[in-house]
$ cat protein12.tsv   # TSV, C-alpha atoms (C1' of nucleotides)
chain	number	residue	atom	x	y	z
D	1	MET	CA	27.22	-2.28	-25.34
D	2	SER	CA	23.93	-4.07	-25.82
D	3	ARG	CA	22.65	-6.23	-28.61
D	4	ARG	CA	19.17	-6.97	-29.80
D	5	VAL	CA	17.85	-10.39	-28.92
D	6	GLY	CA	17.37	-12.45	-32.07
D	7	ARG	CA	14.76	-14.82	-33.34
D	8	ARG	CA	16.52	-17.98	-32.17
D	9	PHE	CA	16.16	-16.89	-28.56
D	10	PHE	CA	12.38	-16.83	-28.90
D	11	GLU	CA	12.07	-19.99	-30.97
D	12	ARG	CA	11.74	-22.21	-27.89
D	13	PRO	CA	8.91	-23.22	-25.56
D	14	ALA	CA	7.57	-20.32	-23.51
D	15	LEU	CA	8.56	-22.14	-20.33
D	16	GLU	CA	12.21	-21.84	-21.36
D	17	VAL	CA	12.02	-18.31	-22.67
D	18	ALA	CA	10.18	-16.84	-19.66
D	19	PRO	CA	13.01	-17.23	-17.09
D	20	ASP	CA	15.63	-16.35	-19.71
D	21	LEU	CA	13.85	-13.06	-20.39
D	22	LEU	CA	14.57	-11.90	-16.83
D	23	ASN	CA	17.17	-9.10	-16.79
D	24	LYS	CA	16.79	-8.47	-20.52
D	25	VAL	CA	15.97	-4.88	-21.48
D	26	LEU	CA	12.69	-3.78	-23.02
D	27	VAL	CA	13.15	-0.77	-25.29
D	28	ALA	CA	10.58	1.56	-26.83
D	29	PRO	CA	11.05	5.08	-28.22
D	30	GLY	CA	12.55	7.22	-25.44
D	31	VAL	CA	12.23	4.59	-22.73
D	32	ALA	CA	13.94	1.42	-21.54
D	33	GLY	CA	13.63	-0.88	-18.57
D	34	ARG	CA	14.86	-4.16	-17.17
D	35	ILE	CA	12.41	-7.06	-17.25
D	36	VAL	CA	12.05	-8.49	-13.73
D	37	GLU	CA	8.86	-10.56	-13.88
D	38	THR	CA	7.37	-12.80	-16.59
D	39	GLU	CA	4.72	-15.45	-17.10
D	40	ALA	CA	4.68	-18.34	-19.56
D	41	TYR	CA	1.65	-19.31	-21.63
D	42	GLN	CA	2.67	-22.47	-23.37
D	43	GLY	CA	1.06	-24.64	-25.96
D	44	ALA	CA	-2.47	-25.39	-27.13
D	45	ASP	CA	-3.21	-27.42	-23.99
D	46	ASP	CA	-2.62	-24.65	-21.46
D	47	PRO	CA	-6.10	-23.87	-20.08
D	48	GLY	CA	-4.91	-20.48	-18.84
D	49	SER	CA	-3.80	-19.35	-22.28
D	50	HIS	CA	-5.79	-17.31	-24.75
D	51	ALA	CA	-4.67	-19.89	-27.31
D	52	TYR	CA	-6.53	-22.68	-25.49
D	53	ARG	CA	-9.64	-22.16	-27.62
D	54	GLY	CA	-7.65	-22.32	-30.81
D	55	VAL	CA	-7.01	-19.73	-33.48
D	56	THR	CA	-9.25	-16.66	-33.33
D	57	PRO	CA	-8.72	-13.19	-34.74
D	58	ARG	CA	-7.22	-12.17	-31.41
D	59	THR	CA	-4.93	-15.16	-30.84
D	60	GLU	CA	-3.69	-15.46	-34.40
D	61	VAL	CA	-0.41	-13.78	-33.48
D	62	MET	CA	0.29	-16.37	-30.79
D	63	PHE	CA	0.28	-19.07	-33.45
D	64	GLY	CA	2.61	-17.09	-35.67
D	65	PRO	CA	6.42	-16.84	-35.79
D	66	PRO	CA	8.46	-16.22	-32.61
D	67	GLY	CA	9.87	-12.86	-31.64
D	68	HIS	CA	6.73	-10.91	-32.44
D	69	LEU	CA	4.65	-8.91	-29.98
D	70	TYR	CA	1.22	-10.12	-28.88
D	71	VAL	CA	-0.74	-7.23	-27.38
D	72	TYR	CA	-4.25	-7.76	-26.03
D	73	PHE	CA	-6.89	-5.51	-24.51
D	74	THR	CA	-8.62	-6.51	-21.28
D	75	TYR	CA	-11.07	-5.28	-18.65
D	76	GLY	CA	-12.23	-2.62	-21.05
D	77	MET	CA	-9.24	-0.38	-20.45
D	78	HIS	CA	-5.88	-2.13	-20.20
D	79	TRP	CA	-3.32	-3.29	-22.74
D	80	CYS	CA	-0.85	-6.08	-21.94
D	81	ALA	CA	2.25	-7.05	-23.91
D	82	ASN	CA	3.63	-10.52	-24.59
D	83	VAL	CA	6.50	-11.89	-26.62
D	84	VAL	CA	5.50	-14.71	-28.93
D	85	THR	CA	7.62	-17.82	-28.49
D	86	ASP	CA	8.07	-21.28	-29.99
D	87	ARG	CA	7.89	-22.16	-33.66
D	88	ALA	CA	5.11	-20.99	-35.92
D	89	GLY	CA	2.07	-23.20	-35.52
D	90	THR	CA	2.74	-23.86	-31.82
D	91	PRO	CA	1.16	-21.17	-29.67
D	92	GLY	CA	3.36	-19.67	-26.99
D	93	ALA	CA	3.77	-16.32	-25.33
D	94	VAL	CA	5.54	-14.72	-22.40
D	95	LEU	CA	3.67	-11.94	-20.61
D	96	ILE	CA	5.91	-9.11	-19.43
D	97	ARG	CA	4.58	-8.45	-15.94
D	98	ALA	CA	7.08	-6.00	-14.46
D	99	VAL	CA	9.95	-3.79	-15.53
D	100	VAL	CA	12.43	-1.56	-13.68
D	101	PRO	CA	12.91	1.78	-15.46
D	102	ILE	CA	16.38	2.42	-16.88
D	103	ARG	CA	15.82	5.34	-19.24
D	104	GLY	CA	12.98	7.78	-19.87
D	105	ILE	CA	11.65	7.73	-16.35
D	106	GLU	CA	10.21	11.23	-16.79
D	107	ALA	CA	8.15	10.09	-19.76
D	108	MET	CA	6.96	7.14	-17.70
D	109	ARG	CA	5.90	9.43	-14.85
D	110	LEU	CA	3.84	11.51	-17.27
D	111	ARG	CA	2.16	8.47	-18.79
D	112	ARG	CA	1.62	6.86	-15.39
D	113	SER	CA	0.47	10.01	-13.63
D	114	ARG	CA	-1.59	8.04	-11.12
D	115	ALA	CA	1.52	6.32	-9.77
D	116	ARG	CA	2.49	8.15	-6.61
D	117	ARG	CA	5.78	6.31	-6.25
D	118	ASP	CA	8.34	5.32	-8.89
D	119	VAL	CA	8.12	1.71	-7.77
D	120	ASP	CA	4.57	1.68	-9.16
D	121	LEU	CA	5.52	2.91	-12.64
D	122	ALA	CA	5.77	-0.51	-14.28
D	123	ASN	CA	5.17	-3.22	-11.65
D	124	GLY	CA	2.24	-4.83	-13.45
D	125	PRO	CA	1.52	-5.91	-17.03
D	126	ALA	CA	-0.88	-3.09	-17.87
D	127	LYS	CA	1.42	-0.60	-16.16
D	128	VAL	CA	4.30	-1.75	-18.35
D	129	ALA	CA	2.22	-1.22	-21.47
D	130	GLN	CA	1.17	2.24	-20.34
D	131	ALA	CA	4.66	3.32	-19.28
D	132	PHE	CA	6.06	2.14	-22.63
D	133	ALA	CA	3.07	3.45	-24.65
D	134	ILE	CA	2.41	0.00	-26.09
D	135	ASP	CA	-1.13	-0.58	-27.39
D	136	GLY	CA	-3.08	-2.36	-30.09
D	137	THR	CA	-1.11	-0.70	-32.86
D	138	HIS	CA	1.86	-2.80	-31.73
D	139	ASP	CA	0.06	-6.13	-31.95
D	140	GLY	CA	2.00	-8.49	-34.21
D	141	ILE	CA	5.08	-6.32	-34.77
D	142	ASP	CA	8.44	-8.06	-35.16
D	143	LEU	CA	10.66	-7.32	-32.16
D	144	THR	CA	13.74	-8.78	-33.83
D	145	GLY	CA	13.42	-6.10	-36.48
D	146	ALA	CA	12.77	-3.30	-33.97
D	147	HIS	CA	9.54	-2.29	-35.66
D	148	LEU	CA	8.08	0.93	-34.27
D	149	GLY	CA	11.24	1.25	-32.22
D	150	VAL	CA	10.35	-1.61	-29.90
D	151	SER	CA	12.88	-4.33	-29.17
D	152	ILE	CA	14.38	-6.51	-26.48
D	153	ARG	CA	18.07	-6.20	-25.79
D	154	ASP	CA	20.79	-8.03	-23.88
D	155	ASP	CA	23.14	-5.69	-22.03
D	156	GLY	CA	25.28	-8.47	-20.61
D	157	THR	CA	23.31	-8.96	-17.42
D	158	ALA	CA	22.66	-12.69	-17.07
D	159	PRO	CA	19.29	-14.01	-15.97
D	160	PRO	CA	19.20	-15.00	-12.31
D	161	ALA	CA	20.78	-18.43	-11.77
D	162	ILE	CA	17.78	-19.40	-9.66
D	163	PRO	CA	14.68	-17.34	-10.47
D	164	ALA	CA	11.85	-16.93	-8.02
D	165	VAL	CA	8.96	-19.11	-9.16
D	166	GLY	CA	5.25	-18.95	-8.42
D	167	VAL	CA	1.81	-19.56	-9.87
D	168	ARG	CA	0.43	-17.21	-12.49
D	169	ILE	CA	-1.74	-14.26	-11.51
D	170	GLY	CA	-5.37	-13.54	-12.22
D	171	LEU	CA	-6.39	-16.79	-13.88
D	172	SER	CA	-9.54	-18.80	-13.31
D	173	LYS	CA	-8.14	-21.79	-15.20
D	174	GLY	CA	-4.64	-23.23	-15.14
D	175	GLN	CA	-3.96	-21.40	-11.92
D	176	ASP	CA	-1.93	-24.22	-10.35
D	177	LEU	CA	0.92	-24.14	-12.83
D	178	PRO	CA	4.07	-22.51	-11.41
D	179	TRP	CA	4.79	-20.57	-14.55
D	180	ARG	CA	5.51	-17.12	-13.14
D	181	PHE	CA	9.16	-16.09	-12.87
D	182	ALA	CA	10.86	-13.13	-11.22
D	183	VAL	CA	14.24	-11.76	-10.24
D	184	PRO	CA	14.65	-12.85	-6.59
D	185	ASP	CA	14.22	-10.15	-3.95
D	186	CYS	CA	13.36	-7.52	-6.52
D	187	ALA	CA	11.21	-4.73	-5.10
D	188	GLU	CA	9.51	-3.90	-8.42
D	189	VAL	CA	7.40	-7.02	-8.74
D	190	SER	CA	3.64	-7.01	-9.29
D	191	ARG	CA	2.80	-9.30	-6.37
D	192	PRO	CA	4.56	-10.86	-3.40
D	193	HIS	CA	6.53	-13.89	-4.36
D	194	PRO	CA	5.57	-17.24	-2.78
D	195	THR	CA	9.03	-18.79	-2.79
D	196	THR	CA	10.79	-15.76	-1.37
D	197	GLY	CA	7.97	-14.22	0.61
D	198	HIS	CA	9.18	-10.87	-0.60
D	199	ASP	CA	6.60	-8.13	-1.04
D	200	ALA	CA	6.95	-5.35	-3.59
D	201	ARG	CA	4.86	-2.73	-1.89
T	1	DA	C1'	-2.20	-3.72	6.14
T	2	DC	C1'	-6.07	-5.79	4.27
T	3	DC	C1'	-10.26	-6.16	1.77
T	4	DG	C1'	-14.20	-5.05	-1.42
T	5	DG	C1'	-16.00	-3.10	-5.38
T	6	DG	C1'	-16.25	-0.13	-9.62
T	7	DA	C1'	-14.50	1.18	-14.05
T	8	DT	C1'	-15.07	-0.02	-18.98
T	9	DG	C1'	-15.53	-2.48	-23.60
T	10	DT	C1'	-13.67	-6.35	-26.42
T	11	DT	C1'	-13.99	-11.21	-27.29
T	12	DC	C1'	-16.17	-15.38	-27.84
T	13	DT	C1'	-20.31	-18.54	-26.61
Q	1	DG	C1'	-24.57	-12.49	-21.97
Q	2	DA	C1'	-20.46	-13.88	-19.38
Q	3	DA	C1'	-15.83	-13.67	-18.80
Q	4	DC	C1'	-11.87	-11.11	-18.62
Q	5	DA	C1'	-3.52	-12.85	-18.15
Q	6	DT	C1'	-6.01	-5.37	-14.33
Q	7	DC	C1'	-5.79	-1.25	-11.75
Q	8	DC	C1'	-7.29	2.15	-8.55
Q	9	DC	C1'	-9.76	4.02	-4.78
Q	10	DG	C1'	-12.03	4.16	-0.47
Q	11	DG	C1'	-13.41	1.66	3.54
Q	12	DT	C1'	-11.97	-0.45	8.02
Q	13	DG	C1'	-8.72	-2.02	11.76

$ encode --input "protein12.tsv" --output "structure tokens"
Amino acid sequence: MSRRVGRRFFERPALEVAPDLLNKVLVAPGVAGRIVETEAYQGADDPGSHAYRGVTPRTEVMFGPPGHLYVYFTYGMHWCANVVTDRAGTPGAVLIRAVVPIRGIEAMRLRRSRARRDVDLANGPAKVAQAFAIDGTHDGIDLTGAHLGVSIRDDGTAPPAIPAVGVRIGLSKGQDLPWRFAVPDCAEVSRPHPTTGHDAR
DNA sequence: ACCGGGATGTTCT
DNA sequence: GAACATCCCGGTG
């Protein structure tokens, strides 16, 4: 009924993969959810990307083969999960910014105990990581091989024909690039969407 | 609803 | 030592 997304899907520029990832299903042990918001970080010349400064111990995964997970730690307390895109040697990643729970919502409520409403369970990149229990131990794992039970699946739901598009969130550099994508009029989005004017909260 | 600030520690200069 | 691809809480209107 659903099939795992393969390596070829990810072996493209992040700007192509990011909108195509909308409506795909993120799966981890006991939980699953539909991806509704993504951001592209593309190439060595993207000033907003961690890869902008070149290869470091942290960004090594971004320069590696596509279809792997890039997980980073930020603000001293949050993990965020990306899918590595493009061919090895060319840095690319798509940040998973929001997910709508499909399975394991009780587990997500326990992990996200501060969320007072279900809409807040995974409507932000660090919330997604917490709801899915993704952390540094998952950095670099191969999604196409479902390592540690984490994968991305296609259940037959096509990406939106015309995704909502906006600038990326939280950057001090590269903030003008319209490289954020979302399912139009979706309530579980991390921020209001410029092109639709729709607010998640 | 909107806004301001604190938490907390890794990463790279 | 500064920056950080965030989140949460408490203030005010």

$ closest_residue --input "protein12.tsv" --among "D:Ile35, D:Met77, D:Ala126, D:Ala131" --to "DG9 in chain T" --atoms "all atoms listed in the file"
D:Met77

$ atom_distance --input "protein12.tsv" --atom1 "CA of Thr90 in chain D" --atom2 "CA of Gly140 in chain D"
15.6 Å

$ residues_around --input "protein12.tsv" --residues "DG13 in chain Q" --least-positions-apart "6" --cutoff "12 Å" --atoms "all atoms listed in the file" --output "short mmCIF file (atom, residue, chain, number, x, y, z; two decimals) with C-alpha atoms (C1' of nucleotides), keeping the file's coordinate frame"
data_model
loop_
_atom_site.label_atom_id
_atom_site.label_comp_id
_atom_site.auth_asym_id
_atom_site.auth_seq_id
_atom_site.Cartn_x
_atom_site.Cartn_y
_atom_site.Cartn_z
"C1'" DA T 1 -2.20 -3.72 6.14
"C1'" DC T 2 -6.07 -5.79 4.27
"C1'" DC T 3 -10.26 -6.16 1.77
#

$ interface_residues --input "protein12.tsv" --of "chain Q" --to "chain D" --cutoff "9 Å" --atoms "all atoms listed in the file" --output "list in words"
DC4, DA5, DT6, DC7 and DC8 of chain Q

$ atom_distance --input "protein12.tsv" --atom1 "CA of Arg191 in chain D" --atom2 "CA of Ala98 in chain D"
9.7 Å

$ interface_residues --input "protein12.tsv" --of "chain T" --to "chain D" --cutoff "10 Å" --atoms "only C-alpha atoms (C1' of nucleotides)" --output "ChimeraX atom specification"
/T:7-12

$ atom_distance --input "protein12.tsv" --atom1 "CA of Glu16 in chain D" --atom2 "CA of Glu60 in chain D"
21.5 Å

$ axis_aligned_box --input "protein12.tsv" --around "range 5-10 of chain Q" --padding-each-side "6 Å" --output "AutoDock Vina command-line options"
--center_x -7.8 --center_y -4.3 --center_z -9.3 --size_x 20.5 --size_y 29.0 --size_z 29.7

$ closest_residue --input "protein12.tsv" --among "D:Leu15, D:Leu22, D:Leu177, D:Val61" --to "Gln42 in chain D" --atoms "all atoms listed in the file"
D:Leu15

$ residues_near_point --input "protein12.tsv" --point "(9.5, -9.8, -19.6)" --cutoff "9 Å" --atoms "only C-alpha atoms (C1' of nucleotides)" --output "ChimeraX atom specification"
/D:18-26,34-39,81-83,94-99

$ residues_near_point --input "protein12.tsv" --point "(-14.3, -4.0, -0.8)" --cutoff "9 Å" --atoms "all atoms listed in the file" --output "NGL selection string"
(:T and (3-5)) or (:Q and (10-11))

$ build_atoms --input "protein12.tsv" --residues "range 66-87 of chain D" --atoms "N, CA, C and O atoms" --output "PDB file, in the frame of the given file"
ATOM      1  N   PRO D  66       7.945 -16.735 -33.886  1.00  0.00           N
ATOM      2  CA  PRO D  66       8.460 -16.220 -32.610  1.00  0.00           C
ATOM      3  C   PRO D  66       9.105 -14.848 -32.765  1.00  0.00           C
ATOM      4  O   PRO D  66       9.489 -14.449 -33.861  1.00  0.00           O
ATOM      5  N   GLY D  67       9.201 -14.155 -31.643  1.00  0.00           N
ATOM      6  CA  GLY D  67       9.870 -12.860 -31.640  1.00  0.00           C
ATOM      7  C   GLY D  67       8.963 -11.700 -32.010  1.00  0.00           C
ATOM      8  O   GLY D  67       9.420 -10.569 -32.134  1.00  0.00           O
ATOM      9  N   HIS D  68       7.684 -11.983 -32.179  1.00  0.00           N
ATOM     10  CA  HIS D  68       6.730 -10.910 -32.440  1.00  0.00           C
ATOM     11  C   HIS D  68       6.013 -10.535 -31.145  1.00  0.00           C
ATOM     12  O   HIS D  68       6.042 -11.277 -30.163  1.00  0.00           O
ATOM     13  N   LEU D  69       5.364  -9.387 -31.161  1.00  0.00           N
ATOM     14  CA  LEU D  69       4.650  -8.910 -29.980  1.00  0.00           C
ATOM     15  C   LEU D  69       3.181  -9.310 -30.071  1.00  0.00           C
ATOM     16  O   LEU D  69       2.550  -9.135 -31.116  1.00  0.00           O
ATOM     17  N   TYR D  70       2.663  -9.852 -28.975  1.00  0.00           N
ATOM     18  CA  TYR D  70       1.220 -10.120 -28.880  1.00  0.00           C
ATOM     19  C   TYR D  70       0.655  -9.167 -27.841  1.00  0.00           C
ATOM     20  O   TYR D  70       0.992  -9.256 -26.660  1.00  0.00           O
ATOM     21  N   VAL D  71      -0.170  -8.236 -28.280  1.00  0.00           N
ATOM     22  CA  VAL D  71      -0.740  -7.230 -27.380  1.00  0.00           C
ATOM     23  C   VAL D  71      -2.254  -7.414 -27.338  1.00  0.00           C
ATOM     24  O   VAL D  71      -2.908  -7.427 -28.375  1.00  0.00           O
ATOM     25  N   TYR D  72      -2.795  -7.585 -26.144  1.00  0.00           N
ATOM     26  CA  TYR D  72      -4.250  -7.760 -26.030  1.00  0.00           C
ATOM     27  C   TYR D  72      -4.841  -6.702 -25.099  1.00  0.00           C
ATOM     28  O   TYR D  72      -4.142  -6.088 -24.292  1.00  0.00           O
ATOM     29  N   PHE D  73      -6.136  -6.509 -25.253  1.00  0.00           N
ATOM     30  CA  PHE D  73      -6.890  -5.510 -24.510  1.00  0.00           C
ATOM     31  C   PHE D  73      -7.795  -6.221 -23.510  1.00  0.00           C
ATOM     32  O   PHE D  73      -8.458  -7.194 -23.857  1.00  0.00           O
ATOM     33  N   THR D  74      -7.817  -5.783 -22.261  1.00  0.00           N
ATOM     34  CA  THR D  74      -8.620  -6.510 -21.280  1.00  0.00           C
ATOM     35  C   THR D  74      -9.259  -5.570 -20.267  1.00  0.00           C
ATOM     36  O   THR D  74      -8.803  -4.446 -20.074  1.00  0.00           O
ATOM     37  N   TYR D  75     -10.312  -6.036 -19.646  1.00  0.00           N
ATOM     38  CA  TYR D  75     -11.070  -5.280 -18.650  1.00  0.00           C
ATOM     39  C   TYR D  75     -11.515  -3.918 -19.167  1.00  0.00           C
ATOM     40  O   TYR D  75     -11.675  -2.971 -18.398  1.00  0.00           O
ATOM     41  N   GLY D  76     -11.687  -3.830 -20.479  1.00  0.00           N
ATOM     42  CA  GLY D  76     -12.230  -2.620 -21.050  1.00  0.00           C
ATOM     43  C   GLY D  76     -11.340  -1.417 -21.021  1.00  0.00           C
ATOM     44  O   GLY D  76     -11.755  -0.332 -21.427  1.00  0.00           O
ATOM     45  N   MET D  77     -10.098  -1.575 -20.555  1.00  0.00           N
ATOM     46  CA  MET D  77      -9.240  -0.380 -20.450  1.00  0.00           C
ATOM     47  C   MET D  77      -7.755  -0.629 -20.454  1.00  0.00           C
ATOM     48  O   MET D  77      -6.987   0.324 -20.550  1.00  0.00           O
ATOM     49  N   HIS D  78      -7.312  -1.871 -20.341  1.00  0.00           N
ATOM     50  CA  HIS D  78      -5.880  -2.130 -20.200  1.00  0.00           C
ATOM     51  C   HIS D  78      -5.298  -2.912 -21.376  1.00  0.00           C
ATOM     52  O   HIS D  78      -5.907  -3.852 -21.867  1.00  0.00           O
ATOM     53  N   TRP D  79      -4.097  -2.513 -21.771  1.00  0.00           N
ATOM     54  CA  TRP D  79      -3.320  -3.290 -22.740  1.00  0.00           C
ATOM     55  C   TRP D  79      -2.252  -4.081 -22.002  1.00  0.00           C
ATOM     56  O   TRP D  79      -1.713  -3.596 -20.993  1.00  0.00           O
ATOM     57  N   CYS D  80      -1.939  -5.274 -22.499  1.00  0.00           N
ATOM     58  CA  CYS D  80      -0.850  -6.080 -21.940  1.00  0.00           C
ATOM     59  C   CYS D  80       0.000  -6.615 -23.078  1.00  0.00           C
ATOM     60  O   CYS D  80      -0.519  -6.988 -24.131  1.00  0.00           O
ATOM     61  N   ALA D  81       1.310  -6.679 -22.850  1.00  0.00           N
ATOM     62  CA  ALA D  81       2.250  -7.050 -23.910  1.00  0.00           C
ATOM     63  C   ALA D  81       2.923  -8.389 -23.628  1.00  0.00           C
ATOM     64  O   ALA D  81       3.390  -8.639 -22.514  1.00  0.00           O
ATOM     65  N   ASN D  82       2.946  -9.228 -24.645  1.00  0.00           N
ATOM     66  CA  ASN D  82       3.630 -10.520 -24.590  1.00  0.00           C
ATOM     67  C   ASN D  82       4.629 -10.630 -25.723  1.00  0.00           C
ATOM     68  O   ASN D  82       4.454  -9.996 -26.769  1.00  0.00           O
ATOM     69  N   VAL D  83       5.625 -11.500 -25.538  1.00  0.00           N
ATOM     70  CA  VAL D  83       6.500 -11.890 -26.620  1.00  0.00           C
ATOM     71  C   VAL D  83       6.083 -13.276 -27.095  1.00  0.00           C
ATOM     72  O   VAL D  83       5.938 -14.192 -26.276  1.00  0.00           O
ATOM     73  N   VAL D  84       5.878 -13.416 -28.369  1.00  0.00           N
ATOM     74  CA  VAL D  84       5.500 -14.710 -28.930  1.00  0.00           C
ATOM     75  C   VAL D  84       6.725 -15.621 -28.962  1.00  0.00           C
ATOM     76  O   VAL D  84       7.814 -15.196 -29.357  1.00  0.00           O
ATOM     77  N   THR D  85       6.523 -16.866 -28.519  1.00  0.00           N
ATOM     78  CA  THR D  85       7.620 -17.820 -28.490  1.00  0.00           C
ATOM     79  C   THR D  85       7.260 -19.066 -29.290  1.00  0.00           C
ATOM     80  O   THR D  85       6.149 -19.205 -29.790  1.00  0.00           O
ATOM     81  N   ASP D  86       8.229 -19.971 -29.352  1.00  0.00           N
ATOM     82  CA  ASP D  86       8.070 -21.280 -29.990  1.00  0.00           C
ATOM     83  C   ASP D  86       7.892 -21.123 -31.500  1.00  0.00           C
ATOM     84  O   ASP D  86       7.734 -20.023 -32.013  1.00  0.00           O
ATOM     85  N   ARG D  87       7.930 -22.238 -32.199  1.00  0.00           N
ATOM     86  CA  ARG D  87       7.890 -22.160 -33.660  1.00  0.00           C
ATOM     87  C   ARG D  87       6.477 -21.849 -34.153  1.00  0.00           C
ATOM     88  O   ARG D  87       5.497 -22.073 -33.440  1.00  0.00           O
TER      89      ARG D  87
END
